[in-house]
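Colleague: Have a peek at model27.pdb (PDB, C-alpha atoms, pLDDT in the B column).
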```
ATOM      1  CA  MET A  30      16.127   5.407   3.029  1.00 62.00           C
ATOM      2  CA  ASP A  31      19.033   3.578   4.572  1.00 72.00           C
ATOM      3  CA  ARG A  32      22.690   4.593   4.564  1.00 74.00           C
ATOM      4  CA  THR A  33      23.705   2.368   1.612  1.00 77.00           C
ATOM      5  CA  CYS A  34      20.964   3.777  -0.621  1.00 75.00           C
ATOM      6  CA  TYR A  35      21.897   7.319   0.382  1.00 70.00           C
ATOM      7  CA  ASP A  36      25.562   6.690  -0.458  1.00 72.00           C
ATOM      8  CA  ASN A  37      24.718   5.155  -3.847  1.00 72.00           C
ATOM      9  CA  ILE A  38      22.457   8.047  -4.875  1.00 71.00           C
ATOM     10  CA  ASN A  39      24.769  10.829  -3.774  1.00 64.00           C
ATOM     11  CA  ARG A  40      28.040   9.313  -4.950  1.00 66.00           C
ATOM     12  CA  SER A  41      28.269  11.473  -8.064  1.00 58.00           C
ATOM     13  CA  LYS A  42      26.394  14.589  -6.969  1.00 59.00           C
ATOM     14  CA  ALA A  43      27.585  15.626  -3.540  1.00 57.00           C
ATOM     15  CA  SER A  44      26.464  19.047  -2.391  1.00 58.00           C
ATOM     16  CA  LEU A  45      26.570  21.111   0.757  1.00 56.00           C
ATOM     17  CA  ALA A  46      22.886  20.461   1.455  1.00 61.00           C
ATOM     18  CA  ASP A  47      23.376  16.682   1.583  1.00 64.00           C
ATOM     19  CA  ASN A  48      24.344  15.462   5.009  1.00 68.00           C
ATOM     20  CA  PRO A  49      24.715  11.780   5.948  1.00 68.00           C
ATOM     21  CA  ALA A  50      23.469  12.632   9.439  1.00 72.00           C
ATOM     22  CA  ASP A  51      20.022  13.350   7.901  1.00 71.00           C
ATOM     23  CA  VAL A  52      19.527   9.636   7.200  1.00 70.00           C
ATOM     24  CA  LYS A  53      17.311   7.913   9.785  1.00 77.00           C
ATOM     25  CA  ASN A  54      16.921   4.195  10.301  1.00 81.00           C
ATOM     26  CA  PRO A  55      13.839   3.883  12.524  1.00 87.00           C
ATOM     27  CA  SER A  56      13.632   0.899  14.825  1.00 93.00           C
ATOM     28  CA  LEU A  57      10.681  -1.470  14.909  1.00 95.00           C
ATOM     29  CA  GLY A  58       9.421   0.065  18.162  1.00 95.00           C
ATOM     30  CA  TRP A  59       9.438   3.548  16.627  1.00 93.00           C
ATOM     31  CA  ILE A  60       7.522   2.339  13.571  1.00 94.00           C
ATOM     32  CA  ILE A  61       4.908   0.540  15.699  1.00 97.00           C
ATOM     33  CA  GLY A  62       4.479   3.618  17.906  1.00 96.00           C
ATOM     34  CA  TYR A  63       4.111   5.873  14.885  1.00 95.00           C
ATOM     35  CA  MET A  64       1.511   3.606  13.283  1.00 96.00           C
ATOM     36  CA  PHE A  65      -0.415   3.398  16.577  1.00 97.00           C
ATOM     37  CA  ALA A  66      -0.437   7.194  16.881  1.00 97.00           C
ATOM     38  CA  VAL A  67      -1.587   7.712  13.285  1.00 97.00           C
ATOM     39  CA  GLY A  68      -4.306   5.079  13.659  1.00 95.00           C
ATOM     40  CA  PHE A  69      -5.528   6.628  16.909  1.00 95.00           C
ATOM     41  CA  LEU A  70      -5.663  10.086  15.320  1.00 95.00           C
ATOM     42  CA  GLY A  71      -7.681   8.607  12.461  1.00 93.00           C
ATOM     43  CA  LEU A  72     -10.190   7.183  14.922  1.00 92.00           C
ATOM     44  CA  LEU A  73     -10.460  10.550  16.652  1.00 93.00           C
ATOM     45  CA  ALA A  74     -11.029  12.309  13.323  1.00 92.00           C
ATOM     46  CA  ILE A  75     -13.783   9.979  12.137  1.00 89.00           C
ATOM     47  CA  VAL A  76     -16.295  10.989  14.849  1.00 87.00           C
ATOM     48  CA  PRO A  77     -16.550  14.673  13.823  1.00 89.00           C
ATOM     49  CA  LEU A  78     -16.452  13.735  10.149  1.00 88.00           C
ATOM     50  CA  ARG A  79     -19.382  11.347  10.645  1.00 85.00           C
ATOM     51  CA  LYS A  80     -21.373  14.019  12.446  1.00 87.00           C
ATOM     52  CA  ILE A  81     -20.740  16.560   9.703  1.00 88.00           C
ATOM     53  CA  MET A  82     -20.995  14.413   6.597  1.00 85.00           C
ATOM     54  CA  ILE A  83     -23.615  11.795   7.451  1.00 83.00           C
ATOM     55  CA  ILE A  84     -25.800  13.430  10.095  1.00 84.00           C
ATOM     56  CA  LYS A  85     -25.677  17.150   9.196  1.00 87.00           C
ATOM     57  CA  LEU A  86     -25.283  17.006   5.392  1.00 86.00           C
ATOM     58  CA  LYS A  87     -27.401  13.826   5.154  1.00 83.00           C
ATOM     59  CA  LEU A  88     -25.024  12.145   2.712  1.00 82.00           C
ATOM     60  CA  THR A  89     -25.769   8.517   1.996  1.00 80.00           C
ATOM     61  CA  TYR A  90     -23.713   5.995   3.877  1.00 74.00           C
ATOM     62  CA  PRO A  91     -22.246   3.326   1.582  1.00 73.00           C
ATOM     63  CA  ASN A  92     -23.958  -0.028   2.194  1.00 70.00           C
ATOM     64  CA  GLY A  93     -22.891  -3.470   1.152  1.00 67.00           C
ATOM     65  CA  THR A  94     -25.985  -4.033  -0.989  1.00 68.00           C
ATOM     66  CA  ALA A  95     -26.044  -3.918  -4.755  1.00 65.00           C
ATOM     67  CA  THR A  96     -28.545  -1.654  -6.451  1.00 61.00           C
TER      68      THR A  96
END
```
Translate this file's structure into structure tokens.
Modeller:
Amino acid sequence: MDRTCYDNINRSKASLADNPADVKNPSLGWIIGYMFAVGFLGLLAIVPLRKIMIIKLKLTYPNGTAT
């Protein structure tokens, strides 16, 4: 949420809990770094999940063939 949106929403209902300093405008570098970190964590999580779900529990792996 950018500053303009925050100001428009809170124009009529200002409270002590609302603070304009809580608004963050992330830069492109921050967004790219965040997405890289989340994607890397997803890759790290898929190895144990594969071992548990496909190898140990013997669940069927979805194939691209129609049945």
Colleague: What is the atom CA of A:Val67 to atom CA of A:Asn92 distance in Å?
Modeller: 26.1 Å
Colleague: One decimal, in Å: what's the spacing between atom CA of A:Gly62 and atom CA of A:Ile81?
Modeller: 29.5 Å
Colleague: I'd like to know which of A:Leu70, A:Met82, A:Leu88, A:Cys34 is closest to A:Val52, using all atoms listed in the file.
Modeller: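 Ranked by minimum distance to A:Val52, first place goes to A:Cys34.
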